[in-house]
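Asker: The following block contains the structure, expressed as structure tokens.
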Amino acid sequence: GENVEQHPSTLSVQEGDSAVIKCTYSDSASNYFPWYKQELGKGPQLIIDIRSNVGEKKDQRIAVTLNKTAKHFSLHITETQPEDSAVYFCAASSRANFGNEKLTFGTGTRLTIIP
Amino acid sequence: KAGVTQTPRYLIKTRGQQVTLSCSPISGHRSVSWYQQTPGQGLQFLFEYFSETQRNKGNFPGRFSGRQFSNSRSEMNVSTLELGDSALYLCASSWGTGGNEKLFFGSGTQLSVL
């Protein structure tokens, strides 16, 4: 089945600097790559997603890039703010036991913004 | 529009007991997926239901089961609880089914097995 690896597991950046989180996936058939942000005591919230027919997508301070050949995708957060502190999860679509697609998640990155 | 609602928020059980968790999806969403979240394993897929049918299943033992009702509300059940079942159980709903849909998560049920 699909394997999604995420790095780093923890990341601390100075407020105002940029943060980059990287993920690799194993299933070349994967075609949907969302990123989720989880704040303390809450469930994950979708912040941006990208499909395999697009190489880059941007939404204000957040951008995602996808390299299908290398099977990796990255989350970029610019001009970081204290409210960006959270755990971030990448995910990739993959075939599950019944042959239907499901999301496989990375193990998460705990991002801390230092004021 | 109300989000995904999970009840109860916290549960404490002892080994050998069983537990039922409930999830109410966003209005209009017909798919409900369940995930187990633990510090070491991240989010592990349990199963997905769409229109009252289980469409997908992860690699969990048969002690983990679920169902979906005609109003799209879903329940998951864990029988013969083990210490290792302690986790945050997350429910997510989506309009359609499959791995290409945007998932909307609830806040989860924190299960502690003593």
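Chains: A, B, ... in order of the structure tokens. Residues: from 1 per chain. Ligands: from 1, in order shown.
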Using only C-alpha atoms, which protein or nucleic acid residues come within 12 Å of Thr5 in chain B? Drop anything in the same chain fewer than 2 positions from it, and give the result as an MDAnalysis selection string.

Answerer: (chainID A and resid 42:43) or (chainID B and resid 1:3 7:9 21:27 32 73:75 90:93 104:109)

Asker: I want to know what sits within 9 Å of Cys23 in chain A, based on only C-alpha atoms, with residues of the same chain fewer than 6 positions away left out; could you give that as a list of chain:residue names?

Answerer: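 Listing them by chain and then by number gives A:Val4, A:Glu5, A:Gln6, A:His7, A:Lys71, A:His72, A:Phe73, A:Ser74, A:Leu75, A:Cys90, A:Ala91, A:Gly106.
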
Asker: How about saving the chosen residues, N, CA and C atoms kept, as a CSV table (one decimal), in the first residue's frame?

Answerer:
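The resulting file, part.csv, is reproduced below:
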chain,number,residue,atom,x,y,z
A,4,VAL,N,3.6,7.2,3.1
A,4,VAL,CA,3.9,8.7,3.0
A,4,VAL,C,4.8,9.0,4.1
A,5,GLU,N,6.0,9.6,3.8
A,5,GLU,CA,7.0,10.0,4.8
A,5,GLU,C,7.0,11.5,4.8
A,6,GLN,N,7.1,12.0,6.0
A,6,GLN,CA,7.0,13.5,6.2
A,6,GLN,C,8.2,13.9,7.1
A,7,HIS,N,8.9,15.0,6.7
A,7,HIS,CA,10.0,15.5,7.4
A,7,HIS,C,10.0,17.1,7.4
A,71,LYS,N,8.2,12.0,-6.9
A,71,LYS,CA,7.2,11.6,-5.9
A,71,LYS,C,7.4,12.3,-4.6
A,72,HIS,N,7.5,13.6,-4.6
A,72,HIS,CA,7.5,14.3,-3.4
A,72,HIS,C,6.8,15.7,-3.6
A,73,PHE,N,6.2,16.2,-2.5
A,73,PHE,CA,5.5,17.4,-2.4
A,73,PHE,C,5.8,18.2,-1.2
A,74,SER,N,5.7,19.5,-1.2
A,74,SER,CA,6.2,20.3,-0.1
A,74,SER,C,5.2,21.4,0.2
A,75,LEU,N,5.1,21.8,1.5
A,75,LEU,CA,4.3,22.9,2.0
A,75,LEU,C,5.3,24.0,2.3
A,90,CYS,N,0.7,16.0,5.9
A,90,CYS,CA,0.5,15.8,4.5
A,90,CYS,C,-0.3,14.5,4.3
A,91,ALA,N,-0.8,14.4,3.1
A,91,ALA,CA,-1.6,13.1,2.8
A,91,ALA,C,-1.5,12.9,1.3
A,106,GLY,N,0.9,11.4,6.4
A,106,GLY,CA,2.2,11.4,7.0
A,106,GLY,C,2.1,11.5,8.5

Asker: Select, as a compact mmCIF listing (two decimals) with N, CA and C atoms, in the first residue's frame, those residues of chain A with any atom no more than 12 Å from chain B (distances computed using only C-alpha atoms).

Answerer:
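Written file, part.txt:
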# COMPACT_ATOMS: atom_id res chain seq x y z
N GLY A 1 0.81 -1.20 0.00
CA GLY A 1 0.00 0.00 0.00
C GLY A 1 0.84 1.25 0.00
N GLU A 2 0.19 2.37 0.00
CA GLU A 2 0.85 3.68 -0.02
C GLU A 2 1.62 3.91 1.26
N ASN A 3 2.78 4.54 1.13
CA ASN A 3 3.58 4.95 2.27
C ASN A 3 3.92 6.43 2.09
N VAL A 4 3.58 7.24 3.07
CA VAL A 4 3.85 8.68 3.01
C VAL A 4 4.82 9.03 4.14
N GLU A 5 5.96 9.56 3.76
CA GLU A 5 6.95 9.97 4.75
C GLU A 5 7.01 11.49 4.82
N GLN A 6 7.10 12.01 6.02
CA GLN A 6 7.04 13.45 6.23
C GLN A 6 8.23 13.88 7.08
N SER A 9 10.01 16.14 11.70
CA SER A 9 8.96 15.86 12.66
C SER A 9 8.69 17.07 13.55
N ALA A 29 0.44 6.10 -8.61
CA ALA A 29 -0.93 6.36 -9.05
C ALA A 29 -1.62 7.43 -8.21
N SER A 30 -0.99 7.85 -7.11
CA SER A 30 -1.59 8.89 -6.26
C SER A 30 -1.80 10.16 -7.07
N ASN A 31 -2.97 10.80 -6.91
CA ASN A 31 -3.23 11.98 -7.72
C ASN A 31 -3.83 13.14 -6.94
N TYR A 32 -3.90 13.00 -5.62
CA TYR A 32 -4.47 14.09 -4.80
C TYR A 32 -3.65 14.21 -3.53
N PHE A 33 -3.22 15.47 -3.23
CA PHE A 33 -2.26 15.69 -2.13
C PHE A 33 -2.72 16.88 -1.29
N PRO A 34 -3.46 16.62 -0.21
CA PRO A 34 -3.89 17.71 0.66
C PRO A 34 -2.94 17.91 1.84
N TRP A 35 -3.02 19.09 2.43
CA TRP A 35 -2.29 19.39 3.65
C TRP A 35 -3.30 19.82 4.72
N TYR A 36 -3.10 19.29 5.93
CA TYR A 36 -4.00 19.60 7.03
C TYR A 36 -3.21 20.24 8.18
N LYS A 37 -3.88 21.13 8.88
CA LYS A 37 -3.32 21.79 10.06
C LYS A 37 -4.15 21.39 11.27
N GLN A 38 -3.49 20.92 12.32
CA GLN A 38 -4.21 20.52 13.52
C GLN A 38 -3.73 21.34 14.72
N GLU A 39 -4.64 22.10 15.27
CA GLU A 39 -4.36 22.88 16.47
C GLU A 39 -4.75 22.06 17.69
N LEU A 40 -4.19 22.44 18.82
CA LEU A 40 -4.39 21.68 20.05
C LEU A 40 -5.87 21.54 20.39
N GLY A 41 -6.29 20.30 20.60
CA GLY A 41 -7.67 20.05 20.99
C GLY A 41 -8.67 20.07 19.86
N LYS A 42 -8.19 20.18 18.64
CA LYS A 42 -9.08 20.22 17.48
C LYS A 42 -8.73 19.13 16.49
N GLY A 43 -9.66 18.89 15.57
CA GLY A 43 -9.38 17.97 14.50
C GLY A 43 -8.59 18.65 13.39
N PRO A 44 -7.97 17.89 12.50
CA PRO A 44 -7.23 18.47 11.37
C PRO A 44 -8.15 19.30 10.48
N GLN A 45 -7.60 20.38 9.96
CA GLN A 45 -8.36 21.25 9.07
C GLN A 45 -7.60 21.40 7.76
N LEU A 46 -8.28 21.19 6.65
CA LEU A 46 -7.67 21.33 5.33
C LEU A 46 -7.23 22.77 5.11
N ILE A 47 -5.96 22.96 4.71
CA ILE A 47 -5.48 24.31 4.46
C ILE A 47 -5.16 24.54 2.98
N ILE A 48 -4.76 23.51 2.28
CA ILE A 48 -4.48 23.63 0.86
C ILE A 48 -4.36 22.23 0.28
N ASP A 49 -4.69 22.08 -0.99
CA ASP A 49 -4.54 20.78 -1.64
C ASP A 49 -4.10 20.99 -3.08
N ILE A 50 -3.54 19.94 -3.67
CA ILE A 50 -3.07 20.02 -5.04
C ILE A 50 -3.34 18.69 -5.73
N ARG A 51 -3.67 18.76 -7.00
CA ARG A 51 -3.91 17.54 -7.76
C ARG A 51 -2.75 17.33 -8.72
N SER A 52 -2.63 16.11 -9.23
CA SER A 52 -1.41 15.72 -9.93
C SER A 52 -1.22 16.42 -11.27
N VAL A 87 0.35 21.40 14.38
CA VAL A 87 0.88 20.19 13.74
C VAL A 87 0.33 20.13 12.32
N TYR A 88 1.19 19.91 11.36
CA TYR A 88 0.80 19.86 9.95
C TYR A 88 0.96 18.44 9.43
N PHE A 89 -0.05 17.99 8.71
CA PHE A 89 -0.04 16.64 8.11
C PHE A 89 -0.16 16.74 6.60
N CYS A 90 0.68 16.00 5.90
CA CYS A 90 0.48 15.83 4.48
C CYS A 90 -0.27 14.52 4.26
N ALA A 91 -0.85 14.36 3.09
CA ALA A 91 -1.58 13.14 2.77
C ALA A 91 -1.54 12.91 1.27
N ALA A 92 -1.72 11.65 0.89
CA ALA A 92 -1.77 11.29 -0.52
C ALA A 92 -2.87 10.26 -0.72
N SER A 93 -3.55 10.36 -1.86
CA SER A 93 -4.61 9.39 -2.15
C SER A 93 -3.96 8.07 -2.54
N SER A 94 -4.62 6.97 -2.21
CA SER A 94 -4.09 5.65 -2.56
C SER A 94 -5.22 4.65 -2.55
N ARG A 95 -4.96 3.49 -3.15
CA ARG A 95 -5.95 2.42 -3.18
C ARG A 95 -5.92 1.66 -1.88
N ALA A 96 -7.09 1.39 -1.32
CA ALA A 96 -7.19 0.64 -0.07
C ALA A 96 -7.62 -0.80 -0.37
N ASN A 97 -7.95 -1.52 0.67
CA ASN A 97 -8.21 -2.95 0.55
C ASN A 97 -9.34 -3.29 -0.42
N PHE A 98 -10.36 -2.47 -0.49
CA PHE A 98 -11.49 -2.76 -1.37
C PHE A 98 -11.24 -2.25 -2.79
N GLY A 99 -10.07 -1.68 -3.04
CA GLY A 99 -9.80 -1.14 -4.36
C GLY A 99 -10.25 0.29 -4.52
N ASN A 100 -10.91 0.83 -3.49
CA ASN A 100 -11.34 2.22 -3.58
C ASN A 100 -10.27 3.12 -2.99
N GLU A 101 -10.27 4.37 -3.39
CA GLU A 101 -9.22 5.27 -2.93
C GLU A 101 -9.48 5.79 -1.52
N LYS A 102 -8.40 6.04 -0.81
CA LYS A 102 -8.48 6.65 0.51
C LYS A 102 -7.26 7.53 0.68
N LEU A 103 -7.25 8.34 1.72
CA LEU A 103 -6.10 9.18 2.03
C LEU A 103 -5.17 8.47 3.01
N THR A 104 -3.87 8.51 2.70
CA THR A 104 -2.84 8.03 3.63
C THR A 104 -2.10 9.25 4.12
N PHE A 105 -1.97 9.37 5.44
CA PHE A 105 -1.37 10.56 6.04
C PHE A 105 0.09 10.34 6.42
N GLY A 106 0.87 11.41 6.37
CA GLY A 106 2.19 11.41 6.95
C GLY A 106 2.08 11.46 8.47
N THR A 107 3.21 11.37 9.15
CA THR A 107 3.20 11.29 10.61
C THR A 107 3.18 12.65 11.30
N GLY A 108 3.19 13.73 10.52
CA GLY A 108 3.01 15.05 11.10
C GLY A 108 4.29 15.81 11.39
N THR A 109 4.19 17.13 11.33
CA THR A 109 5.29 18.04 11.68
C THR A 109 4.77 19.05 12.68
N ARG A 110 5.42 19.10 13.83
CA ARG A 110 5.03 20.09 14.83
C ARG A 110 5.81 21.37 14.56

Asker: Which residues are close to Lys13 in chain B, i.e. within 10 Å by only C-alpha atoms, leaving aside same-chain residues fewer than 5 positions away? Reply as a ChimeraX atom specification.

Answerer: /B:18-19,81-83,86,111-114

Asker: Using DSSP assignments from the backbone, pull out every residue in range 8-113 of chain A that falls under strand (DSSP E or B) and give it to me as a ChimeraX atom specification.

Answerer: /A:10-14,19-25,32-38,45-51,56-59,62-67,72-77,86-95,101-105,109-113

Asker: Under the rule that only C-alpha atoms are counted, which of B:Ser94, B:Phe50, B:Ser31, B:Gly62 is the nearest residue to Ser79 in chain B?

Answerer: B:Gly62
